[in-house]
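S.K.: Take a look at this one; I'll ask things after.
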Amino acid sequence: MVDNVIAVRDIGKAFAGVQALDGITLEIAPGEIHCLAGENGSGKSTLIKVMSGVHAPDTGTIELNGKTFSKLSPIEAISNGVQVIYQDFSVFPNLTVMENLALNAELAAHRTFVSWKRMRAVAEEAIAKINFTIDLDEKVGQLSVAQKQLVAISRALMSDAKLIIMDEPTTALTKREVDALFAIILDLKARGIATLFVSHKLDEVFEISERFTIIRNGKSVITCLPEELDHATFSHHMTGREFDDDHFVPEHVSEEPILETRGLGVDGAFADVDLTLRKGEILGITGLLGSGRTELALSLFGSKPADSGKILINGEVVEVGSVRAAIAHGIGYVPEDRLTEGLFLERSINSNIVISEIDSFVSKFGALDQRKADAEGQRWVDELKIATPNPANPVNTLSGGNQQRIVLAKWLATHPKILILNGPTVGVDIGSKHDIHRILRTLASEGLGVIIISDDIPEVIQNCNRVMAMNAGRIVAEIDPRRTTESELAELMSKDPSTIDGKG
Amino acid sequence: MSALTTLTPLRDRLTRDPHVTRLAVILVLLLTFFMLVKTKNFFGIATWQSMAVQFPEFGLMALGVMLTMIIGGIDLSVVGVANMTAIGSATLMMSIAPTGSDSPQGYLAVVAAIAFSLIVGAIAGAFNGFLIAKVKIPAILVTLGTFELFTGIAVIITGGKPASGLPAQYGEIMAQRVFGIIPMPLIIFILATVVIALIMYKTAFGTKLYMLGSNETAAQFSGLKTDNLIIRTYMTSGIYAAAAGLVMLANYNSAKADYGSTYTLLAVLIVVLGGVNPNGGSGRLSGVILAVVVLQVLSSLLNTFPNISNFYRPLIWGGVLLLVIVVNQWTKKNRLSRLFGVKGNKS
């Protein structure tokens with residue numbers, strides 16, 4: 001056996017009492033393309049951060065370059081050849097390609113003065129390594145997602161990398177761009193550079209990976225060769241569940257749509273969106289990052305009012321020009337990022353739940369009836385089984401799944417007629433994910449119109465009775481999830497927009 | 001027994017909020033030191049009365065600044081508002097009741113001046129809030145700018161000289177001693193504290209302020225009228241600054257554009273010392289009130305040492321402010337140790 005590039009052994013890491021990693025072992029050989037797979041919240045990101053020196057593990061060791069560390073600093077990780085390409089690529093959007101590429105080298109050399117000539121030479125050398133051509137003076141913020149990624153890869157290769165960790169690198173790429181990326185990964189392999197490929201997209205990982213490590217709830221489930229796995233066993237290892245074809249079937253769907261849009265558009269984000277939602281339905285909208293899915297949600301919720309088109313509620317054209325207008329029309333919105341958009345982290349659980357309806361607890365004389373508000377909070381804590389000893393505790397004492405229930409409770413407390421959820425189970429553990437899905441199904445059967453916006457394909461396929469695929473700002477297809485496979489849907493989402501003419 | 005039962009919730013509260021506990025301890029230590037070192041001053045009622053006359057000046061300003069800091073902003077214009085409104089109301093009083101007017105005329109002037117001052121304070125504060133909420137300029141820049149603006153207006157009205165010659169009735173009312181011992185400014189401060197406590201803890205507005213300060217995006221997504229909340233907060237701060245201006249007007253029996261120049265820093269210091277998070281979202285009124293008292297006692301104590309010149313004040317206040325911020329960061333777990341830890345790794 002060849003010496004490993006990196007080996008982590010028995011890594012354990014807990015955050016605030018939650019065991020994120022528990023005795024994980026992972027070895028990567030030189031030039032190996034290794035796939036790290038696991039569901040959201042399984043500990044993949046934490047493991048990457050341990051390997052790149054961002055987090056110090058509580059237990060276990062990291063062997064790197066023949067040296068054993070009990071914890072790494074980011075500098076040590078880089079100088080030993082570990083490079084991470086994060087989902088957001090960590091590039092500086094306001095700097096040019098050249099500056100992005102040459103900056104690290106300039107900083108590492110502790111130079112005081114800048115030589116533009118030297119920086120240009122460094123940058124040219126960097127992009128030559130992976131044979132791609134790009135205008136070095138373009139601002140990185142102007143580039144496409146795939147180009148940004150290539151910049152990030154070139155930058156990673158500059159510092160004599162032995163292992164490149166790619167965190168969900170294909171999330172926002174079209175099929176053609178994914179193929180180009182795979183060509184580069186194979187090229188790196190030929191030069192003896194190992195890749196740790198983090199993903200939960202089945203097709204891709206089978207196409208490229210030579211070895212798999214699957215983790216679940218912070219524990220290694222299996223490390224094996226691709227021959228030993230098929231789709232079903234892979235999913236089973238990831239989720240720990242047997243896949244039953246448990247599709248959502250709406251019980252009572254109203255005749256009249258509760259929400260309709262006609263030719264809805266926001267300049268530069270999406271256009272010509274026609275959708276209908278009936279009471280009792282769960283409508284899925286899926287698309288890649290940048291497909292316009294979030295902007296669509298925000299315009300339905302009045303936070304980014306539409307530039308063109310109409311929104312109809314119960315058959316009447318309404319103006320949704322602000323969040324308050326949307327709430328008044330009975331629309332609730334569970335945002336994409338609950339930490340920055342949904343929660344008041346240092347405030348109490350109760351006040352987080354009641355904030356949107358707080359004015360209904362004010363007496364005639366303007367005094368707030370705190371007791372009534374607390375009772376309402378407690379009611380939702382019980383209803384949604386939010387695990388907390390005391391609803392007066394701040395929200396940041398809770399786990400991701402419980403936090404998401406609070407955001408949900410806040411909206412349910414306003415008695416919405418339409419509930420829009422953007423990424424309802426991102427960063428939520430599997431148990432809570434299941435519970436949240438069950439809650440949504442119950443809500444729909446009680447007559448709520450629910451829209452789930454998500455790029456988690458299994459999530460929309462299982463929990464929605466109709467799914468619309470968005471691609472490059474347009475609805476490209478509406479599918480029946482019972483007759484569509486995950487890969488077909490993925491195909492629709494990631495098809496290069498230039499090959500789609502009009503509606504697919 | 002009954003004393004015990006009333007003490008328990010108090011003790012609960014003390015242990016729950018480390019800032020309040022710390023301040024209470026500091027206050028007790030300070031008072032003990034005062035009593036031992038300057039026994040004569042400590043037991044003289046005049047010492048306490050002069051304190052009670054003085055601290056409402058910056059105490060009222062601090063209450064306003066506290067609200068703005070709870071929503072994650074800051075109000076550096078309070079001294080400007082106080083001086084501008086004081087000069088404005090002094091001018092108004094003197095024109096309604098010039099020297100030699102009879103006393104009903106004087107009282108009319110006083111009432112008009114108080115109303116005028118509070119209204120102008122509200123407008124000035126709303127102007128701050130408008131620039132912050134609608135024009136989206138950071139609060140620190142807006143209020144630094146309007147501080148100069150308001151001070152400039154004050155300079156122009158008076159030509160830079162003190163505005164004096166107020167009707168005697170004003171001084172008479174403000175120099176009242178309720179029950180023969182409690183000075184009027186202290187009554188005003190207590191009243192203002194009660195009002196702000198009701199706003200913070202008994203209205204939906206108060207709860208919304210904390211939520212807004214905790215996460216503005218989430219507040220918008222929850223359907224709060226964030227712009228309106230911001231404007232109303234700065235308006236309240238403006239009204240409190242104007243009230244401080246009225247107290248200063250009485251204490252100096254005149255108004256001038258550059259009175260109370262150290263109060264900006266002092267008000268911010270009090271609010272931070274009282275445990276309000278400068279990033280917004282948390283902090284308690286009780287902490288801020290304690291901080292007001294602590295700083296007044298410290299200030300009076302310094303006064304009793306003739307060889308510590310008043311020129312040392314800004315140095316002492318600035319030093320205390322930085323120290324408090326550092327200590328606060330320290331108690332937030334690991335912040336400092338991580339900083340030093342990284343340094344240690346590099347070497």
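Naming scheme: A, B, ... for chains in displayed order of the structure tokens; residues 1 onward per chain; ligands 1 onward as shown.
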Name the residues of segment 81-330 of chain B that come out as strand (DSSP E or B) in a backbone DSSP run; write them as a PDB file with C-alpha atoms, in the first residue's frame.

M.R.:
```
ATOM      1  CA  ALA B 163     -27.940  82.564  25.842  1.00  0.00           C
ATOM      2  CA  SER B 164     -28.814  83.885  29.303  1.00  0.00           C
ATOM      3  CA  ARG B 177     -36.879  70.400  46.144  1.00  0.00           C
ATOM      4  CA  VAL B 178     -39.676  67.848  46.351  1.00  0.00           C
ATOM      5  CA  ILE B 182     -35.307  65.633  46.205  1.00  0.00           C
ATOM      6  CA  PRO B 183     -34.131  67.938  43.431  1.00  0.00           C
ATOM      7  CA  SER B 254     -28.030  79.601  30.377  1.00  0.00           C
ATOM      8  CA  ALA B 255     -27.546  77.707  27.157  1.00  0.00           C
TER       9      ALA B 255
END
```

S.K.: Can you tell me which residues surround Gln169 of chain B at a distance of at most 10 Å, considering only C-alpha atoms, apart from same-chain residues fewer than 2 positions away, and format the answer as a PyMOL selection string?

M.R.: chain B and resi 97+102-110+166-167+171-175

S.K.: Apply DSSP to the structure's backbone, then extract all residues of segment 374-446 of chain A labelled alpha helix (DSSP H) and return them as JSON, numbers by chain.

M.R.: {"A": [374, 375, 376, 377, 378, 379, 380, 381, 382, 383, 400, 401, 402, 403, 404, 405, 406, 407, 408, 409, 410, 411, 412, 430, 431, 432, 433, 434, 435, 436, 437, 438, 439, 440, 441, 442, 443, 444, 445]}

S.K.: Take the residues that were just selected and, keeping N, CA and C atoms, output them as an mmCIF file, in the first residue's frame.

M.R.:
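Output (result-v2.cif):
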```cif
data_model
loop_
_atom_site.group_PDB
_atom_site.id
_atom_site.type_symbol
_atom_site.label_atom_id
_atom_site.label_comp_id
_atom_site.auth_asym_id
_atom_site.auth_seq_id
_atom_site.Cartn_x
_atom_site.Cartn_y
_atom_site.Cartn_z
ATOM 1 N N ASP A 374 -46.580 34.436 25.901
ATOM 2 C CA ASP A 374 -45.809 33.266 26.320
ATOM 3 C C ASP A 374 -46.628 31.991 26.168
ATOM 4 N N ALA A 375 -47.926 32.098 26.462
ATOM 5 C CA ALA A 375 -48.779 30.918 26.334
ATOM 6 C C ALA A 375 -48.847 30.464 24.881
ATOM 7 N N GLU A 376 -48.926 31.441 23.988
ATOM 8 C CA GLU A 376 -48.947 31.119 22.557
ATOM 9 C C GLU A 376 -47.635 30.428 22.156
ATOM 10 N N GLY A 377 -46.515 30.973 22.635
ATOM 11 C CA GLY A 377 -45.222 30.364 22.328
ATOM 12 C C GLY A 377 -45.175 28.927 22.821
ATOM 13 N N GLN A 378 -45.608 28.745 24.068
ATOM 14 C CA GLN A 378 -45.586 27.413 24.657
ATOM 15 C C GLN A 378 -46.460 26.439 23.852
ATOM 16 N N ARG A 379 -47.593 26.942 23.359
ATOM 17 C CA ARG A 379 -48.509 26.096 22.604
ATOM 18 C C ARG A 379 -47.791 25.537 21.369
ATOM 19 N N TRP A 380 -47.041 26.388 20.686
ATOM 20 C CA TRP A 380 -46.352 25.937 19.482
ATOM 21 C C TRP A 380 -45.169 25.040 19.805
ATOM 22 N N VAL A 381 -44.509 25.338 20.933
ATOM 23 C CA VAL A 381 -43.411 24.472 21.363
ATOM 24 C C VAL A 381 -43.946 23.047 21.545
ATOM 25 N N ASP A 382 -45.129 22.944 22.157
ATOM 26 C CA ASP A 382 -45.725 21.620 22.363
ATOM 27 C C ASP A 382 -46.175 21.014 21.036
ATOM 28 N N GLU A 383 -46.848 21.848 20.248
ATOM 29 C CA GLU A 383 -47.432 21.375 18.997
ATOM 30 C C GLU A 383 -46.377 20.791 18.057
ATOM 31 N N GLY A 400 -30.220 22.590 14.833
ATOM 32 C CA GLY A 400 -30.754 23.078 13.569
ATOM 33 C C GLY A 400 -32.194 22.673 13.315
ATOM 34 N N GLY A 401 -32.512 21.430 13.603
ATOM 35 C CA GLY A 401 -33.866 20.954 13.344
ATOM 36 C C GLY A 401 -34.895 21.678 14.198
ATOM 37 N N ASN A 402 -34.551 21.897 15.459
ATOM 38 C CA ASN A 402 -35.473 22.604 16.339
ATOM 39 C C ASN A 402 -35.585 24.071 15.962
ATOM 40 N N GLN A 403 -34.462 24.640 15.511
ATOM 41 C CA GLN A 403 -34.511 26.028 15.078
ATOM 42 C C GLN A 403 -35.445 26.176 13.886
ATOM 43 N N GLN A 404 -35.365 25.207 12.970
ATOM 44 C CA GLN A 404 -36.214 25.296 11.786
ATOM 45 C C GLN A 404 -37.685 25.177 12.190
ATOM 46 N N ARG A 405 -37.962 24.366 13.219
ATOM 47 C CA ARG A 405 -39.349 24.262 13.680
ATOM 48 C C ARG A 405 -39.839 25.589 14.225
ATOM 49 N N ILE A 406 -38.917 26.367 14.812
ATOM 50 C CA ILE A 406 -39.335 27.665 15.350
ATOM 51 C C ILE A 406 -39.752 28.602 14.220
ATOM 52 N N VAL A 407 -38.947 28.587 13.144
ATOM 53 C CA VAL A 407 -39.310 29.433 12.009
ATOM 54 C C VAL A 407 -40.672 28.995 11.470
ATOM 55 N N LEU A 408 -40.871 27.701 11.424
ATOM 56 C CA LEU A 408 -42.139 27.160 10.952
ATOM 57 C C LEU A 408 -43.275 27.606 11.888
ATOM 58 N N ALA A 409 -43.021 27.497 13.187
ATOM 59 C CA ALA A 409 -44.042 27.869 14.169
ATOM 60 C C ALA A 409 -44.412 29.334 14.041
ATOM 61 N N LYS A 410 -43.409 30.165 13.806
ATOM 62 C CA LYS A 410 -43.672 31.600 13.677
ATOM 63 C C LYS A 410 -44.708 31.843 12.594
ATOM 64 N N TRP A 411 -44.571 31.120 11.468
ATOM 65 C CA TRP A 411 -45.504 31.351 10.369
ATOM 66 C C TRP A 411 -46.829 30.675 10.606
ATOM 67 N N LEU A 412 -46.813 29.492 11.169
ATOM 68 C CA LEU A 412 -48.089 28.826 11.425
ATOM 69 C C LEU A 412 -48.923 29.650 12.399
ATOM 70 N N ILE A 430 -31.453 14.117 10.112
ATOM 71 C CA ILE A 430 -32.402 13.294 9.363
ATOM 72 C C ILE A 430 -33.725 13.117 10.097
ATOM 73 N N GLY A 431 -33.636 12.937 11.403
ATOM 74 C CA GLY A 431 -34.871 12.741 12.164
ATOM 75 C C GLY A 431 -35.791 13.944 12.045
ATOM 76 N N SER A 432 -35.211 15.142 12.246
ATOM 77 C CA SER A 432 -36.011 16.356 12.156
ATOM 78 C C SER A 432 -36.525 16.565 10.746
ATOM 79 N N LYS A 433 -35.690 16.186 9.766
ATOM 80 C CA LYS A 433 -36.078 16.347 8.379
ATOM 81 C C LYS A 433 -37.367 15.571 8.118
ATOM 82 N N HIS A 434 -37.372 14.359 8.608
ATOM 83 C CA HIS A 434 -38.530 13.509 8.468
ATOM 84 C C HIS A 434 -39.752 14.138 9.134
ATOM 85 N N ASP A 435 -39.530 14.644 10.353
ATOM 86 C CA ASP A 435 -40.638 15.255 11.091
ATOM 87 C C ASP A 435 -41.178 16.476 10.353
ATOM 88 N N ILE A 436 -40.249 17.297 9.832
ATOM 89 C CA ILE A 436 -40.691 18.515 9.145
ATOM 90 C C ILE A 436 -41.512 18.132 7.917
ATOM 91 N N HIS A 437 -41.058 17.112 7.188
ATOM 92 C CA HIS A 437 -41.833 16.665 6.031
ATOM 93 C C HIS A 437 -43.221 16.206 6.456
ATOM 94 N N ARG A 438 -43.278 15.510 7.583
ATOM 95 C CA ARG A 438 -44.580 15.030 8.037
ATOM 96 C C ARG A 438 -45.482 16.199 8.414
ATOM 97 N N ILE A 439 -44.887 17.195 9.055
ATOM 98 C CA ILE A 439 -45.681 18.374 9.435
ATOM 99 C C ILE A 439 -46.242 19.047 8.175
ATOM 100 N N LEU A 440 -45.395 19.166 7.162
ATOM 101 C CA LEU A 440 -45.843 19.840 5.934
ATOM 102 C C LEU A 440 -46.981 19.079 5.282
ATOM 103 N N ARG A 441 -46.876 17.755 5.278
ATOM 104 C CA ARG A 441 -47.944 16.952 4.684
ATOM 105 C C ARG A 441 -49.242 17.134 5.455
ATOM 106 N N THR A 442 -49.127 17.152 6.792
ATOM 107 C CA THR A 442 -50.333 17.356 7.597
ATOM 108 C C THR A 442 -50.951 18.717 7.298
ATOM 109 N N LEU A 443 -50.087 19.732 7.202
ATOM 110 C CA LEU A 443 -50.601 21.078 6.942
ATOM 111 C C LEU A 443 -51.356 21.118 5.626
ATOM 112 N N ALA A 444 -50.779 20.468 4.611
ATOM 113 C CA ALA A 444 -51.434 20.468 3.307
ATOM 114 C C ALA A 444 -52.779 19.768 3.405
ATOM 115 N N SER A 445 -52.810 18.653 4.127
ATOM 116 C CA SER A 445 -54.086 17.938 4.208
ATOM 117 C C SER A 445 -55.106 18.733 5.002
#
```

S.K.: Would you kindly return, as an MDAnalysis selection string, each protein, DNA or RNA residue with an atom no farther than 6 Å from any atom of segment 451-457 of chain A, considering only C-alpha atoms and excluding same-chain residues fewer than 4 positions away?

M.R.: chainID A and resid 282:287 420:423

S.K.: For the selection just defined, write its residues with N, CA and C atoms to a file, as a PDB file, in the first residue's frame.

M.R.:
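File written: selection.pdb
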```
ATOM      1  N   ILE A 282     -48.967  20.288  -2.287  1.00  0.00           N
ATOM      2  CA  ILE A 282     -47.592  20.696  -2.029  1.00  0.00           C
ATOM      3  C   ILE A 282     -46.915  20.775  -3.389  1.00  0.00           C
ATOM      4  N   LEU A 283     -46.583  22.001  -3.771  1.00  0.00           N
ATOM      5  CA  LEU A 283     -45.960  22.225  -5.069  1.00  0.00           C
ATOM      6  C   LEU A 283     -44.456  22.356  -4.860  1.00  0.00           C
ATOM      7  N   GLY A 284     -43.700  21.608  -5.619  1.00  0.00           N
ATOM      8  CA  GLY A 284     -42.252  21.709  -5.518  1.00  0.00           C
ATOM      9  C   GLY A 284     -41.713  22.605  -6.615  1.00  0.00           C
ATOM     10  N   ILE A 285     -40.754  23.442  -6.256  1.00  0.00           N
ATOM     11  CA  ILE A 285     -40.050  24.194  -7.286  1.00  0.00           C
ATOM     12  C   ILE A 285     -38.577  23.896  -7.072  1.00  0.00           C
ATOM     13  N   THR A 286     -37.950  23.361  -8.084  1.00  0.00           N
ATOM     14  CA  THR A 286     -36.556  22.991  -7.897  1.00  0.00           C
ATOM     15  C   THR A 286     -35.720  23.594  -9.008  1.00  0.00           C
ATOM     16  N   GLY A 287     -34.480  23.796  -8.716  1.00  0.00           N
ATOM     17  CA  GLY A 287     -33.584  24.418  -9.671  1.00  0.00           C
ATOM     18  C   GLY A 287     -32.246  24.577  -8.997  1.00  0.00           C
ATOM     19  N   ILE A 420     -44.694  29.230   1.930  1.00  0.00           N
ATOM     20  CA  ILE A 420     -43.600  29.008   0.995  1.00  0.00           C
ATOM     21  C   ILE A 420     -42.365  28.649   1.810  1.00  0.00           C
ATOM     22  N   LEU A 421     -41.750  27.529   1.498  1.00  0.00           N
ATOM     23  CA  LEU A 421     -40.555  27.133   2.245  1.00  0.00           C
ATOM     24  C   LEU A 421     -39.390  27.029   1.285  1.00  0.00           C
ATOM     25  N   ASN A 422     -38.339  27.764   1.602  1.00  0.00           N
ATOM     26  CA  ASN A 422     -37.159  27.745   0.755  1.00  0.00           C
ATOM     27  C   ASN A 422     -36.095  26.907   1.448  1.00  0.00           C
ATOM     28  N   GLY A 423     -35.802  25.748   0.906  1.00  0.00           N
ATOM     29  CA  GLY A 423     -34.819  24.862   1.540  1.00  0.00           C
ATOM     30  C   GLY A 423     -35.225  24.496   2.948  1.00  0.00           C
TER      31      GLY A 423
END
```

S.K.: What's the 10 Å shell around Ala29 of chain A, counting only C-alpha atoms, without same-chain residues fewer than 6 positions away, as a PyMOL selection string?

M.R.: chain A and resi 1-7+162-163+192-195

S.K.: Write the residues you've just listed into a file as a compact mmCIF listing (two decimals), in the first residue's frame, and include N, CA and C atoms for each of them.

M.R.:
```txt
# COMPACT_ATOMS: atom_id res chain seq x y z
N MET A 1 0.85 -1.20 0.00
CA MET A 1 0.00 0.00 0.00
C MET A 1 0.88 1.25 0.00
N VAL A 2 0.55 2.16 -0.85
CA VAL A 2 1.29 3.42 -0.92
C VAL A 2 0.96 4.24 0.33
N ASP A 3 1.92 5.05 0.71
CA ASP A 3 1.63 5.94 1.84
C ASP A 3 0.45 6.85 1.50
N ASN A 4 -0.33 7.12 2.51
CA ASN A 4 -1.48 7.99 2.28
C ASN A 4 -1.06 9.44 2.15
N VAL A 5 -1.83 10.21 1.40
CA VAL A 5 -1.64 11.66 1.40
C VAL A 5 -2.09 12.20 2.74
N ILE A 6 -3.24 11.71 3.11
CA ILE A 6 -3.78 12.13 4.40
C ILE A 6 -4.52 10.95 5.00
N ALA A 7 -4.45 10.86 6.30
CA ALA A 7 -5.25 9.85 6.98
C ALA A 7 -5.75 10.48 8.27
N LYS A 162 -1.31 18.51 -2.78
CA LYS A 162 -1.29 17.06 -2.94
C LYS A 162 -2.69 16.49 -2.85
N LEU A 163 -3.55 17.26 -2.20
CA LEU A 163 -4.94 16.81 -2.05
C LEU A 163 -5.84 18.03 -2.23
N GLY A 192 -0.79 12.81 -10.01
CA GLY A 192 -0.60 12.32 -8.64
C GLY A 192 -1.28 13.15 -7.58
N ILE A 193 -2.17 14.04 -8.00
CA ILE A 193 -2.88 14.85 -7.00
C ILE A 193 -4.20 14.18 -6.69
N ALA A 194 -4.42 13.95 -5.41
CA ALA A 194 -5.65 13.28 -4.99
C ALA A 194 -6.79 14.29 -4.88
N THR A 195 -8.00 13.78 -5.08
CA THR A 195 -9.17 14.64 -4.94
C THR A 195 -10.13 13.99 -3.95
```

S.K.: How many Å separate atom CA of Lys67 of chain A from atom CA of Ile28 of chain A?

M.R.: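 Computed distance, atom CA of Lys67 of chain A to atom CA of Ile28 of chain A, equals 14.8 Å.
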